[in-house]
file final_29.pdb (PDB, C-alpha atoms)
ATOM      1  CA  MET A   1     -78.883  48.485 -31.162  1.00  0.00           C
ATOM      2  CA  GLU A   2     -82.604  47.877 -31.599  1.00  0.00           C
ATOM      3  CA  THR A   3     -84.606  49.371 -28.741  1.00  0.00           C
ATOM      4  CA  ARG A   4     -87.687  47.843 -27.156  1.00  0.00           C
ATOM      5  CA  ARG A   5     -89.771  50.423 -29.017  1.00  0.00           C
ATOM      6  CA  ASP A   6     -88.226  49.288 -32.315  1.00  0.00           C
ATOM      7  CA  GLU A   7     -88.977  45.670 -31.412  1.00  0.00           C
ATOM      8  CA  ARG A   8     -92.610  46.526 -30.672  1.00  0.00           C
ATOM      9  CA  LEU A   9     -92.964  48.456 -33.931  1.00  0.00           C
ATOM     10  CA  ALA A  10     -91.505  45.522 -35.848  1.00  0.00           C
ATOM     11  CA  GLN A  11     -94.082  43.216 -34.250  1.00  0.00           C
ATOM     12  CA  LEU A  12     -96.884  45.593 -35.189  1.00  0.00           C
ATOM     13  CA  ILE A  13     -95.676  45.777 -38.776  1.00  0.00           C
ATOM     14  CA  ASN A  14     -95.614  41.978 -38.979  1.00  0.00           C
ATOM     15  CA  ALA A  15     -99.144  41.818 -37.557  1.00  0.00           C
ATOM     16  CA  LEU A  16    -100.351  44.355 -40.125  1.00  0.00           C
ATOM     17  CA  LYS A  17     -99.025  42.163 -42.925  1.00  0.00           C
ATOM     18  CA  ARG A  18    -101.798  39.726 -41.984  1.00  0.00           C
ATOM     19  CA  SER A  19    -104.503  42.357 -41.435  1.00  0.00           C
ATOM     20  CA  ASP A  20    -105.141  45.873 -42.698  1.00  0.00           C
ATOM     21  CA  LYS A  21    -105.741  47.163 -39.185  1.00  0.00           C
ATOM     22  CA  LEU A  22    -105.220  46.278 -35.547  1.00  0.00           C
ATOM     23  CA  HIS A  23    -107.303  47.653 -32.677  1.00  0.00           C
ATOM     24  CA  LEU A  24    -105.288  49.351 -29.937  1.00  0.00           C
ATOM     25  CA  LYS A  25    -106.535  46.853 -27.339  1.00  0.00           C
ATOM     26  CA  GLU A  26    -105.539  43.930 -29.554  1.00  0.00           C
ATOM     27  CA  ALA A  27    -102.094  45.425 -30.067  1.00  0.00           C
ATOM     28  CA  ALA A  28    -101.597  45.881 -26.325  1.00  0.00           C
ATOM     29  CA  SER A  29    -102.540  42.254 -25.730  1.00  0.00           C
ATOM     30  CA  LEU A  30    -100.303  41.048 -28.554  1.00  0.00           C
ATOM     31  CA  LEU A  31     -97.257  42.910 -27.237  1.00  0.00           C
ATOM     32  CA  GLY A  32     -97.976  42.407 -23.552  1.00  0.00           C
ATOM     33  CA  VAL A  33     -97.838  46.121 -22.769  1.00  0.00           C
ATOM     34  CA  SER A  34    -100.362  48.819 -21.895  1.00  0.00           C
ATOM     35  CA  GLU A  35    -102.298  50.831 -24.461  1.00  0.00           C
ATOM     36  CA  MET A  36    -100.516  53.943 -23.147  1.00  0.00           C
ATOM     37  CA  THR A  37     -97.134  52.386 -23.941  1.00  0.00           C
ATOM     38  CA  ILE A  38     -98.206  51.813 -27.536  1.00  0.00           C
ATOM     39  CA  ARG A  39     -99.543  55.359 -27.778  1.00  0.00           C
ATOM     40  CA  ARG A  40     -96.182  56.668 -26.543  1.00  0.00           C
ATOM     41  CA  ASP A  41     -94.346  54.486 -29.052  1.00  0.00           C
ATOM     42  CA  LEU A  42     -96.378  55.848 -31.940  1.00  0.00           C
ATOM     43  CA  ASN A  43     -96.327  59.451 -30.732  1.00  0.00           C
ATOM     44  CA  SER A  44     -92.606  59.728 -30.010  1.00  0.00           C
ATOM     45  CA  GLU A  45     -91.606  60.144 -33.662  1.00  0.00           C
ATOM     46  CA  SER A  46     -92.949  59.557 -37.146  1.00  0.00           C
ATOM     47  CA  GLY A  47     -92.732  56.023 -38.434  1.00  0.00           C
ATOM     48  CA  PRO A  48     -94.313  53.356 -40.623  1.00  0.00           C
ATOM     49  CA  VAL A  49     -97.157  52.653 -38.178  1.00  0.00           C
ATOM     50  CA  VAL A  50     -99.810  55.150 -37.060  1.00  0.00           C
ATOM     51  CA  LEU A  51    -102.906  55.279 -34.888  1.00  0.00           C
ATOM     52  CA  LEU A  52    -106.169  56.307 -36.570  1.00  0.00           C
ATOM     53  CA  GLY A  53    -109.337  56.515 -34.482  1.00  0.00           C
ATOM     54  CA  GLY A  54    -108.367  53.669 -32.151  1.00  0.00           C
ATOM     55  CA  TYR A  55    -106.887  51.466 -34.894  1.00  0.00           C
ATOM     56  CA  ILE A  56    -103.251  50.880 -35.783  1.00  0.00           C
ATOM     57  CA  VAL A  57    -102.578  50.963 -39.530  1.00  0.00           C
ATOM     58  CA  LEU A  58     -99.597  51.360 -41.833  1.00  0.00           C
ATOM     59  CA  GLU A  59     -98.660  54.960 -42.549  1.00  0.00           C
ATOM     60  CA  PRO A  60     -99.872  56.097 -45.998  1.00  0.00           C
ATOM     61  CA  ARG A  61     -97.279  57.970 -48.045  1.00  0.00           C
ATOM     62  CA  SER A  62     -98.007  61.625 -48.743  1.00  0.00           C
ATOM     63  CA  ALA A  63     -96.419  64.995 -49.282  1.00  0.00           C
ATOM     64  CA  SER A  64     -99.478  66.982 -48.259  1.00  0.00           C
ATOM     65  CA  HIS A  65     -99.283  69.906 -45.830  1.00  0.00           C
ATOM     66  CA  TYR A  66    -102.048  68.184 -43.866  1.00  0.00           C
ATOM     67  CA  LEU A  67    -101.504  64.571 -42.888  1.00  0.00           C
ATOM     68  CA  LEU A  68    -104.209  62.671 -41.106  1.00  0.00           C
ATOM     69  CA  SER A  69    -101.500  60.852 -39.176  1.00  0.00           C
ATOM     70  CA  ASP A  70    -100.109  64.164 -37.912  1.00  0.00           C
ATOM     71  CA  GLN A  71    -103.484  65.121 -36.438  1.00  0.00           C
ATOM     72  CA  LYS A  72    -104.592  61.824 -34.937  1.00  0.00           C
ATOM     73  CA  THR A  73    -102.976  62.353 -31.520  1.00  0.00           C
ATOM     74  CA  ARG A  74    -103.717  66.072 -31.119  1.00  0.00           C
ATOM     75  CA  LEU A  75    -106.347  67.066 -28.552  1.00  0.00           C
ATOM     76  CA  VAL A  76    -107.722  63.540 -28.345  1.00  0.00           C
ATOM     77  CA  GLU A  77    -109.771  64.076 -25.178  1.00  0.00           C
ATOM     78  CA  GLU A  78    -111.207  67.327 -26.525  1.00  0.00           C
ATOM     79  CA  LYS A  79    -112.248  65.580 -29.741  1.00  0.00           C
ATOM     80  CA  ARG A  80    -113.789  62.704 -27.802  1.00  0.00           C
ATOM     81  CA  LYS A  81    -115.772  65.106 -25.621  1.00  0.00           C
ATOM     82  CA  ALA A  82    -117.240  66.880 -28.660  1.00  0.00           C
ATOM     83  CA  ALA A  83    -117.842  63.538 -30.363  1.00  0.00           C
ATOM     84  CA  ARG A  84    -119.852  62.157 -27.441  1.00  0.00           C
ATOM     85  CA  LEU A  85    -122.121  65.197 -27.572  1.00  0.00           C
ATOM     86  CA  ALA A  86    -122.593  64.788 -31.320  1.00  0.00           C
ATOM     87  CA  ALA A  87    -123.384  61.081 -30.952  1.00  0.00           C
ATOM     88  CA  SER A  88    -126.211  61.921 -28.555  1.00  0.00           C
ATOM     89  CA  LEU A  89    -128.157  63.285 -31.562  1.00  0.00           C
ATOM     90  CA  VAL A  90    -128.367  59.868 -33.237  1.00  0.00           C
ATOM     91  CA  GLN A  91    -131.656  57.959 -33.245  1.00  0.00           C
ATOM     92  CA  PRO A  92    -132.284  54.324 -34.258  1.00  0.00           C
ATOM     93  CA  HIS A  93    -132.639  53.475 -37.956  1.00  0.00           C
ATOM     94  CA  GLN A  94    -131.264  56.783 -39.217  1.00  0.00           C
ATOM     95  CA  THR A  95    -128.948  57.153 -42.181  1.00  0.00           C
ATOM     96  CA  LEU A  96    -125.853  59.069 -41.080  1.00  0.00           C
ATOM     97  CA  PHE A  97    -123.095  60.657 -43.148  1.00  0.00           C
ATOM     98  CA  PHE A  98    -119.643  60.806 -41.552  1.00  0.00           C
ATOM     99  CA  ASP A  99    -117.028  63.200 -42.888  1.00  0.00           C
ATOM    100  CA  CYS A 100    -113.313  62.448 -42.987  1.00  0.00           C
ATOM    101  CA  GLY A 101    -110.854  63.679 -40.330  1.00  0.00           C
ATOM    102  CA  THR A 102    -109.763  62.524 -36.902  1.00  0.00           C
ATOM    103  CA  THR A 103    -112.825  63.593 -34.897  1.00  0.00           C
ATOM    104  CA  THR A 104    -115.517  61.649 -36.748  1.00  0.00           C
ATOM    105  CA  PRO A 105    -114.300  58.149 -35.727  1.00  0.00           C
ATOM    106  CA  TRP A 106    -114.819  59.189 -32.100  1.00  0.00           C
ATOM    107  CA  ILE A 107    -118.450  60.039 -32.934  1.00  0.00           C
ATOM    108  CA  ILE A 108    -118.892  56.530 -34.292  1.00  0.00           C
ATOM    109  CA  GLU A 109    -117.237  54.991 -31.247  1.00  0.00           C
ATOM    110  CA  ALA A 110    -119.652  56.888 -28.972  1.00  0.00           C
ATOM    111  CA  ILE A 111    -122.736  55.455 -30.706  1.00  0.00           C
ATOM    112  CA  ASP A 112    -124.273  52.574 -28.741  1.00  0.00           C
ATOM    113  CA  ASN A 113    -123.352  49.188 -30.203  1.00  0.00           C
ATOM    114  CA  ASP A 114    -126.986  48.070 -29.982  1.00  0.00           C
ATOM    115  CA  LEU A 115    -128.304  50.997 -32.024  1.00  0.00           C
ATOM    116  CA  PRO A 116    -129.173  50.101 -35.646  1.00  0.00           C
ATOM    117  CA  PHE A 117    -128.204  52.700 -38.270  1.00  0.00           C
ATOM    118  CA  THR A 118    -126.779  53.125 -41.761  1.00  0.00           C
ATOM    119  CA  GLY A 119    -123.377  54.810 -41.944  1.00  0.00           C
ATOM    120  CA  VAL A 120    -122.237  56.541 -45.126  1.00  0.00           C
ATOM    121  CA  CYS A 121    -118.553  57.435 -45.407  1.00  0.00           C
ATOM    122  CA  TYR A 122    -115.784  58.164 -47.888  1.00  0.00           C
ATOM    123  CA  SER A 123    -112.645  57.849 -45.768  1.00  0.00           C
ATOM    124  CA  LEU A 124    -110.644  54.877 -44.575  1.00  0.00           C
ATOM    125  CA  ASN A 125    -110.575  55.713 -40.868  1.00  0.00           C
ATOM    126  CA  THR A 126    -114.331  56.292 -40.623  1.00  0.00           C
ATOM    127  CA  PHE A 127    -114.962  53.064 -42.538  1.00  0.00           C
ATOM    128  CA  LEU A 128    -112.779  51.118 -40.110  1.00  0.00           C
ATOM    129  CA  ALA A 129    -114.729  52.564 -37.185  1.00  0.00           C
ATOM    130  CA  LEU A 130    -118.141  51.899 -38.763  1.00  0.00           C
ATOM    131  CA  GLN A 131    -117.460  48.274 -39.608  1.00  0.00           C
ATOM    132  CA  GLU A 132    -116.879  47.593 -35.906  1.00  0.00           C
ATOM    133  CA  LYS A 133    -120.474  48.570 -35.095  1.00  0.00           C
ATOM    134  CA  PRO A 134    -122.485  45.320 -35.103  1.00  0.00           C
ATOM    135  CA  GLU A 135    -125.826  46.970 -35.980  1.00  0.00           C
ATOM    136  CA  CYS A 136    -124.444  49.312 -38.650  1.00  0.00           C
ATOM    137  CA  ARG A 137    -125.029  48.941 -42.367  1.00  0.00           C
ATOM    138  CA  VAL A 138    -121.922  50.530 -43.897  1.00  0.00           C
ATOM    139  CA  ILE A 139    -121.856  52.323 -47.255  1.00  0.00           C
ATOM    140  CA  LEU A 140    -118.365  53.334 -48.424  1.00  0.00           C
ATOM    141  CA  CYS A 141    -118.314  55.721 -51.366  1.00  0.00           C
ATOM    142  CA  GLY A 142    -115.324  54.597 -53.424  1.00  0.00           C
ATOM    143  CA  GLY A 143    -113.085  56.403 -55.855  1.00  0.00           C
ATOM    144  CA  GLU A 144    -109.496  57.587 -56.132  1.00  0.00           C
ATOM    145  CA  PHE A 145    -107.624  57.132 -52.844  1.00  0.00           C
ATOM    146  CA  HIS A 146    -105.819  60.174 -51.387  1.00  0.00           C
ATOM    147  CA  ALA A 147    -103.377  59.052 -48.711  1.00  0.00           C
ATOM    148  CA  SER A 148    -102.856  62.391 -46.935  1.00  0.00           C
ATOM    149  CA  ASN A 149    -106.404  62.533 -45.572  1.00  0.00           C
ATOM    150  CA  ALA A 150    -107.272  58.859 -46.240  1.00  0.00           C
ATOM    151  CA  ILE A 151    -110.299  59.704 -48.403  1.00  0.00           C
ATOM    152  CA  PHE A 152    -111.761  58.080 -51.489  1.00  0.00           C
ATOM    153  CA  LYS A 153    -112.609  60.874 -53.918  1.00  0.00           C
ATOM    154  CA  PRO A 154    -115.551  59.691 -56.045  1.00  0.00           C
ATOM    155  CA  LEU A 155    -114.916  59.707 -59.778  1.00  0.00           C
ATOM    156  CA  ASN A 156    -118.623  60.231 -60.355  1.00  0.00           C
ATOM    157  CA  LEU A 157    -120.827  61.672 -57.593  1.00  0.00           C
ATOM    158  CA  HIS A 158    -123.914  60.276 -59.319  1.00  0.00           C
ATOM    159  CA  ASP A 159    -122.905  56.622 -58.873  1.00  0.00           C
ATOM    160  CA  THR A 160    -123.721  56.102 -55.171  1.00  0.00           C
ATOM    161  CA  LEU A 161    -124.240  59.434 -53.477  1.00  0.00           C
ATOM    162  CA  SER A 162    -127.101  60.560 -55.724  1.00  0.00           C
ATOM    163  CA  ASN A 163    -129.198  57.717 -54.287  1.00  0.00           C
ATOM    164  CA  LEU A 164    -128.790  58.799 -50.651  1.00  0.00           C
ATOM    165  CA  CYS A 165    -130.446  61.405 -48.440  1.00  0.00           C
ATOM    166  CA  PRO A 166    -128.881  61.164 -44.952  1.00  0.00           C
ATOM    167  CA  ASP A 167    -130.925  62.083 -41.893  1.00  0.00           C
ATOM    168  CA  ILE A 168    -127.856  63.637 -40.237  1.00  0.00           C
ATOM    169  CA  ALA A 169    -124.482  64.638 -41.665  1.00  0.00           C
ATOM    170  CA  PHE A 170    -121.543  64.995 -39.281  1.00  0.00           C
ATOM    171  CA  TYR A 171    -118.815  67.262 -40.632  1.00  0.00           C
ATOM    172  CA  SER A 172    -115.247  67.968 -39.602  1.00  0.00           C
ATOM    173  CA  ALA A 173    -113.408  71.210 -40.351  1.00  0.00           C
ATOM    174  CA  ALA A 174    -109.946  72.661 -39.824  1.00  0.00           C
ATOM    175  CA  GLY A 175    -111.280  76.197 -39.442  1.00  0.00           C
ATOM    176  CA  VAL A 176    -114.465  77.777 -38.072  1.00  0.00           C
ATOM    177  CA  HIS A 177    -114.828  81.516 -38.616  1.00  0.00           C
ATOM    178  CA  VAL A 178    -117.907  83.718 -38.339  1.00  0.00           C
ATOM    179  CA  ARG A 179    -117.224  85.552 -41.611  1.00  0.00           C
ATOM    180  CA  GLN A 180    -115.329  82.928 -43.641  1.00  0.00           C
ATOM    181  CA  GLY A 181    -117.419  79.968 -42.524  1.00  0.00           C
ATOM    182  CA  ALA A 182    -116.212  76.379 -42.227  1.00  0.00           C
ATOM    183  CA  THR A 183    -112.970  75.573 -44.029  1.00  0.00           C
ATOM    184  CA  CYS A 184    -110.579  72.647 -44.465  1.00  0.00           C
ATOM    185  CA  PHE A 185    -107.107  72.076 -45.908  1.00  0.00           C
ATOM    186  CA  ASN A 186    -107.867  69.881 -48.905  1.00  0.00           C
ATOM    187  CA  LEU A 187    -109.843  70.811 -51.985  1.00  0.00           C
ATOM    188  CA  ASP A 188    -110.262  67.077 -52.676  1.00  0.00           C
ATOM    189  CA  GLU A 189    -112.676  66.838 -49.750  1.00  0.00           C
ATOM    190  CA  LEU A 190    -115.074  69.500 -51.010  1.00  0.00           C
ATOM    191  CA  PRO A 191    -117.149  67.505 -53.556  1.00  0.00           C
ATOM    192  CA  VAL A 192    -118.400  65.015 -50.967  1.00  0.00           C
ATOM    193  CA  LYS A 193    -118.752  67.572 -48.182  1.00  0.00           C
ATOM    194  CA  GLN A 194    -120.841  69.785 -50.450  1.00  0.00           C
ATOM    195  CA  TRP A 195    -122.912  66.835 -51.655  1.00  0.00           C
ATOM    196  CA  ALA A 196    -123.792  66.152 -48.011  1.00  0.00           C
ATOM    197  CA  MET A 197    -124.590  69.808 -47.399  1.00  0.00           C
ATOM    198  CA  ASN A 198    -127.068  69.670 -50.276  1.00  0.00           C
ATOM    199  CA  MET A 199    -128.654  66.303 -49.521  1.00  0.00           C
ATOM    200  CA  ALA A 200    -128.708  65.731 -45.748  1.00  0.00           C
ATOM    201  CA  GLN A 201    -131.663  66.859 -43.654  1.00  0.00           C
ATOM    202  CA  TYR A 202    -129.715  67.952 -40.562  1.00  0.00           C
ATOM    203  CA  HIS A 203    -126.148  69.268 -40.535  1.00  0.00           C
ATOM    204  CA  VAL A 204    -123.781  69.010 -37.556  1.00  0.00           C
ATOM    205  CA  LEU A 205    -120.314  70.571 -37.507  1.00  0.00           C
ATOM    206  CA  VAL A 206    -118.089  68.845 -34.916  1.00  0.00           C
ATOM    207  CA  VAL A 207    -114.788  70.532 -34.018  1.00  0.00           C
ATOM    208  CA  ASP A 208    -112.512  70.954 -31.040  1.00  0.00           C
ATOM    209  CA  HIS A 209    -111.776  74.464 -29.741  1.00  0.00           C
ATOM    210  CA  SER A 210    -108.441  74.761 -31.598  1.00  0.00           C
ATOM    211  CA  LYS A 211    -110.341  75.155 -34.900  1.00  0.00           C
ATOM    212  CA  MET A 212    -112.254  78.229 -33.730  1.00  0.00           C
ATOM    213  CA  GLY A 213    -111.267  81.485 -35.436  1.00  0.00           C
ATOM    214  CA  LYS A 214    -109.085  79.691 -38.008  1.00  0.00           C
ATOM    215  CA  VAL A 215    -109.420  80.019 -41.800  1.00  0.00           C
ATOM    216  CA  ARG A 216    -108.062  77.298 -44.103  1.00  0.00           C
ATOM    217  CA  PRO A 217    -107.714  77.241 -47.914  1.00  0.00           C
ATOM    218  CA  ALA A 218    -110.756  75.143 -48.903  1.00  0.00           C
ATOM    219  CA  ARG A 219    -114.147  76.657 -48.067  1.00  0.00           C
ATOM    220  CA  MET A 220    -117.001  74.298 -47.199  1.00  0.00           C
ATOM    221  CA  GLY A 221    -119.655  76.966 -46.734  1.00  0.00           C
ATOM    222  CA  GLU A 222    -121.136  79.569 -44.420  1.00  0.00           C
ATOM    223  CA  LEU A 223    -121.811  78.622 -40.822  1.00  0.00           C
ATOM    224  CA  MET A 224    -125.506  79.365 -41.264  1.00  0.00           C
ATOM    225  CA  ARG A 225    -125.741  76.186 -43.341  1.00  0.00           C
ATOM    226  CA  PHE A 226    -125.229  74.074 -40.205  1.00  0.00           C
ATOM    227  CA  ASN A 227    -128.051  73.279 -37.818  1.00  0.00           C
ATOM    228  CA  ALA A 228    -125.675  72.579 -34.937  1.00  0.00           C
ATOM    229  CA  ILE A 229    -122.056  73.278 -34.009  1.00  0.00           C
ATOM    230  CA  VAL A 230    -120.552  70.909 -31.440  1.00  0.00           C
ATOM    231  CA  SER A 231    -117.296  71.540 -29.579  1.00  0.00           C
ATOM    232  CA  ASP A 232    -115.523  70.629 -26.362  1.00  0.00           C
ATOM    233  CA  CYS A 233    -115.993  74.061 -24.754  1.00  0.00           C
ATOM    234  CA  ARG A 234    -117.947  77.289 -25.142  1.00  0.00           C
ATOM    235  CA  PRO A 235    -116.986  79.270 -28.268  1.00  0.00           C
ATOM    236  CA  ASP A 236    -116.102  82.964 -28.089  1.00  0.00           C
ATOM    237  CA  GLU A 237    -118.848  85.559 -27.789  1.00  0.00           C
ATOM    238  CA  GLU A 238    -118.767  86.478 -31.473  1.00  0.00           C
ATOM    239  CA  LEU A 239    -119.688  82.938 -32.482  1.00  0.00           C
ATOM    240  CA  VAL A 240    -122.213  82.583 -29.658  1.00  0.00           C
ATOM    241  CA  THR A 241    -123.943  85.786 -30.800  1.00  0.00           C
ATOM    242  CA  TYR A 242    -123.842  84.670 -34.443  1.00  0.00           C
ATOM    243  CA  ALA A 243    -125.251  81.248 -33.622  1.00  0.00           C
ATOM    244  CA  LYS A 244    -128.123  82.778 -31.663  1.00  0.00           C
ATOM    245  CA  ALA A 245    -128.961  85.158 -34.505  1.00  0.00           C
ATOM    246  CA  GLN A 246    -128.895  82.326 -37.066  1.00  0.00           C
ATOM    247  CA  GLN A 247    -130.712  79.840 -34.801  1.00  0.00           C
ATOM    248  CA  ILE A 248    -127.753  77.451 -34.829  1.00  0.00           C
ATOM    249  CA  LYS A 249    -127.719  75.032 -31.902  1.00  0.00           C
ATOM    250  CA  LEU A 250    -124.480  75.159 -29.908  1.00  0.00           C
ATOM    251  CA  MET A 251    -123.450  72.060 -27.965  1.00  0.00           C
ATOM    252  CA  TYR A 252    -120.422  72.068 -25.662  1.00  0.00           C
TER
END
call {"tool": "encode", "arguments": {"input": "final_29.pdb", "output": "structure tokens"}}
result
Amino acid sequence: METRRDERLAQLINALKRSDKLHLKEAASLLGVSEMTIRRDLNSESGPVVLLGGYIVLEPRSASHYLLSDQKTRLVEEKRKAARLAASLVQPHQTLFFDCGTTTPWIIEAIDNDLPFTGVCYSLNTFLALQEKPECRVILCGGEFHASNAIFKPLNLHDTLSNLCPDIAFYSAAGVHVRQGATCFNLDELPVKQWAMNMAQYHVLVVDHSKMGKVRPARMGELMRFNAIVSDCRPDEELVTYAKAQQIKLMY
């Protein structure tokens, strides 16, 4: 017998046939239930519909060890807290680079809707968040789509990215370690991350506390390359001492 959850998921799937995304508030209104009910529906087990940065989308197929959809509901409040701090760095008329991952859309959400800026991105979920900002000029760097982390890997970095010098680059990472630096799961992400690390004027690493002390397979670079590290709580003393020695701003 089809449950009420199954009925709601079927309605969401039908709605997504008409649109590539559906905001959580819109979905709640469409189904006549609370946003929390929809969150519970999508969190209870894996399925064809997922929540990415406040938007409901169809689940991309992937066999990767890291799935964006697996991470979207983990430590949401912690990510939002760090994201709000990171967003406080933004000034009007800046060009901002936004990394992939599940934290960066919360940074975008925290930026005032009346603030004009240019947003540069290479992932689907950050693009969806940016295009909701009425004063944002969005630049999506296209390329081969990788469903596991919802990124577009540029086929030629010189096409679009070589023409840009962001004022601030906001990075995500799956690991932050004093000796091993900032790391992530996917090698596919490195070309754009490292382009930003070479071209942006100010570098901000935004992570929740669960990433501290972890080391993942793909190395972004040493922590000294970041001007600021933003998290939801105070890091351990080793990182605090390191940041002070390297003049890295800690925000928490």
call {"tool": "resolve_selection", "arguments": {"input": "final_29.pdb", "expression": "the PyMOL selection byres ((chain A and resi 88-92) around 9)", "output": "short mmCIF file (atom, residue, chain, number, x, y, z; two decimals) with C-alpha atoms, in the coordinates of the input"}}
result
data_model
loop_
_atom_site.label_atom_id
_atom_site.label_comp_id
_atom_site.auth_asym_id
_atom_site.auth_seq_id
_atom_site.Cartn_x
_atom_site.Cartn_y
_atom_site.Cartn_z
CA ALA A 83 -117.84 63.54 -30.36
CA ARG A 84 -119.85 62.16 -27.44
CA LEU A 85 -122.12 65.20 -27.57
CA ALA A 86 -122.59 64.79 -31.32
CA ALA A 87 -123.38 61.08 -30.95
CA HIS A 93 -132.64 53.48 -37.96
CA GLN A 94 -131.26 56.78 -39.22
CA LEU A 96 -125.85 59.07 -41.08
CA ALA A 110 -119.65 56.89 -28.97
CA ILE A 111 -122.74 55.46 -30.71
CA LEU A 115 -128.30 51.00 -32.02
CA PRO A 116 -129.17 50.10 -35.65
CA PHE A 117 -128.20 52.70 -38.27
CA ILE A 168 -127.86 63.64 -40.24
#
call {"tool": "closest_residue", "arguments": {"input": "final_29.pdb", "among": "A:Asp236, A:Asp208, A:Glu35, A:Glu144", "to": "Ala173 (chain A)", "atoms": "all atoms listed in the file"}}
result
A:Asp208
call {"tool": "axis_aligned_box", "arguments": {"input": "final_29.pdb", "around": "region 102-113 of chain A", "padding_each_side": "3 Å", "output": "JSON"}}
result
{"center_x": -117.0, "center_y": 56.4, "center_z": -32.8, "size_x": 20.5, "size_y": 20.4, "size_z": 14.2}
call {"tool": "atom_distance", "arguments": {"input": "final_29.pdb", "atom1": "CA of Leu130 (chain A)", "atom2": "CA of Ile151 (chain A)"}}
result
14.7 Å
call {"tool": "closest_residue", "arguments": {"input": "final_29.pdb", "among": "A:Ala182, A:Ile38, A:Ala200, A:Val206", "to": "Cys233 (chain A)", "atoms": "only C-alpha atoms"}}
result
A:Val206
call {"tool": "resolve_selection", "arguments": {"input": "final_29.pdb", "expression": "the PyMOL selection byres ((chain A and resi 197) around 12)", "output": "PDB file with C-alpha atoms, keeping the file's coordinate frame"}}
result
ATOM      1  CA  PHE A  97    -123.095  60.657 -43.148  1.00  0.00           C
ATOM      2  CA  PHE A  98    -119.643  60.806 -41.552  1.00  0.00           C
ATOM      3  CA  ASP A  99    -117.028  63.200 -42.888  1.00  0.00           C
ATOM      4  CA  CYS A 165    -130.446  61.405 -48.440  1.00  0.00           C
ATOM      5  CA  PRO A 166    -128.881  61.164 -44.952  1.00  0.00           C
ATOM      6  CA  ASP A 167    -130.925  62.083 -41.893  1.00  0.00           C
ATOM      7  CA  ILE A 168    -127.856  63.637 -40.237  1.00  0.00           C
ATOM      8  CA  ALA A 169    -124.482  64.638 -41.665  1.00  0.00           C
ATOM      9  CA  PHE A 170    -121.543  64.995 -39.281  1.00  0.00           C
ATOM     10  CA  TYR A 171    -118.815  67.262 -40.632  1.00  0.00           C
ATOM     11  CA  ALA A 182    -116.212  76.379 -42.227  1.00  0.00           C
ATOM     12  CA  LEU A 190    -115.074  69.500 -51.010  1.00  0.00           C
ATOM     13  CA  PRO A 191    -117.149  67.505 -53.556  1.00  0.00           C
ATOM     14  CA  VAL A 192    -118.400  65.015 -50.967  1.00  0.00           C
ATOM     15  CA  LYS A 193    -118.752  67.572 -48.182  1.00  0.00           C
ATOM     16  CA  GLN A 194    -120.841  69.785 -50.450  1.00  0.00           C
ATOM     17  CA  TRP A 195    -122.912  66.835 -51.655  1.00  0.00           C
ATOM     18  CA  ALA A 196    -123.792  66.152 -48.011  1.00  0.00           C
ATOM     19  CA  ASN A 198    -127.068  69.670 -50.276  1.00  0.00           C
ATOM     20  CA  MET A 199    -128.654  66.303 -49.521  1.00  0.00           C
ATOM     21  CA  ALA A 200    -128.708  65.731 -45.748  1.00  0.00           C
ATOM     22  CA  GLN A 201    -131.663  66.859 -43.654  1.00  0.00           C
ATOM     23  CA  TYR A 202    -129.715  67.952 -40.562  1.00  0.00           C
ATOM     24  CA  HIS A 203    -126.148  69.268 -40.535  1.00  0.00           C
ATOM     25  CA  VAL A 204    -123.781  69.010 -37.556  1.00  0.00           C
ATOM     26  CA  LEU A 205    -120.314  70.571 -37.507  1.00  0.00           C
ATOM     27  CA  MET A 220    -117.001  74.298 -47.199  1.00  0.00           C
ATOM     28  CA  GLY A 221    -119.655  76.966 -46.734  1.00  0.00           C
ATOM     29  CA  GLU A 222    -121.136  79.569 -44.420  1.00  0.00           C
ATOM     30  CA  LEU A 223    -121.811  78.622 -40.822  1.00  0.00           C
ATOM     31  CA  MET A 224    -125.506  79.365 -41.264  1.00  0.00           C
ATOM     32  CA  ARG A 225    -125.741  76.186 -43.341  1.00  0.00           C
ATOM     33  CA  PHE A 226    -125.229  74.074 -40.205  1.00  0.00           C
ATOM     34  CA  ASN A 227    -128.051  73.279 -37.818  1.00  0.00           C
TER      35      ASN A 227
END
call {"tool": "resolve_selection", "arguments": {"input": "final_29.pdb", "expression": "the PyMOL selection byres ((chain A and resi 186) around 9)", "output": "list in words"}}
result
Ser64, Tyr66, Asn149, Cys184, Phe185, Leu187, Asp188, Glu189, Leu190, Arg216, Pro217 and Ala218 of chain A
call {"tool": "atom_distance", "arguments": {"input": "final_29.pdb", "atom1": "CA of Leu124 (chain A)", "atom2": "CA of Asn14 (chain A)"}}
result
20.6 Å
call {"tool": "residues_near_point", "arguments": {"input": "final_29.pdb", "point": "(-130.1, 72.8, -33.8)", "cutoff": "8 Å", "atoms": "only C-alpha atoms", "output": "PyMOL selection string"}}
result
chain A and resi 227-228+247-250
call {"tool": "write_last_selection", "arguments": {"input": "final_29.pdb", "atoms": "C-alpha atoms", "output": "PDB file, in the coordinates of the input"}}
result
ATOM      1  CA  ASN A 227    -128.051  73.279 -37.818  1.00  0.00           C
ATOM      2  CA  ALA A 228    -125.675  72.579 -34.937  1.00  0.00           C
ATOM      3  CA  GLN A 247    -130.712  79.840 -34.801  1.00  0.00           C
ATOM      4  CA  ILE A 248    -127.753  77.451 -34.829  1.00  0.00           C
ATOM      5  CA  LYS A 249    -127.719  75.032 -31.902  1.00  0.00           C
ATOM      6  CA  LEU A 250    -124.480  75.159 -29.908  1.00  0.00           C
TER       7      LEU A 250
END
call {"tool": "residues_near_point", "arguments": {"input": "final_29.pdb", "point": "(-89.8, 41.8, -30.9)", "cutoff": "12 Å", "atoms": "all atoms listed in the file", "output": "list in words"}}
result
Glu2, Thr3, Arg4, Arg5, Asp6, Glu7, Arg8, Leu9, Ala10, Gln11, Leu12, Ile13, Asn14, Ala15, Leu30, Leu31 and Gly32 of chain A
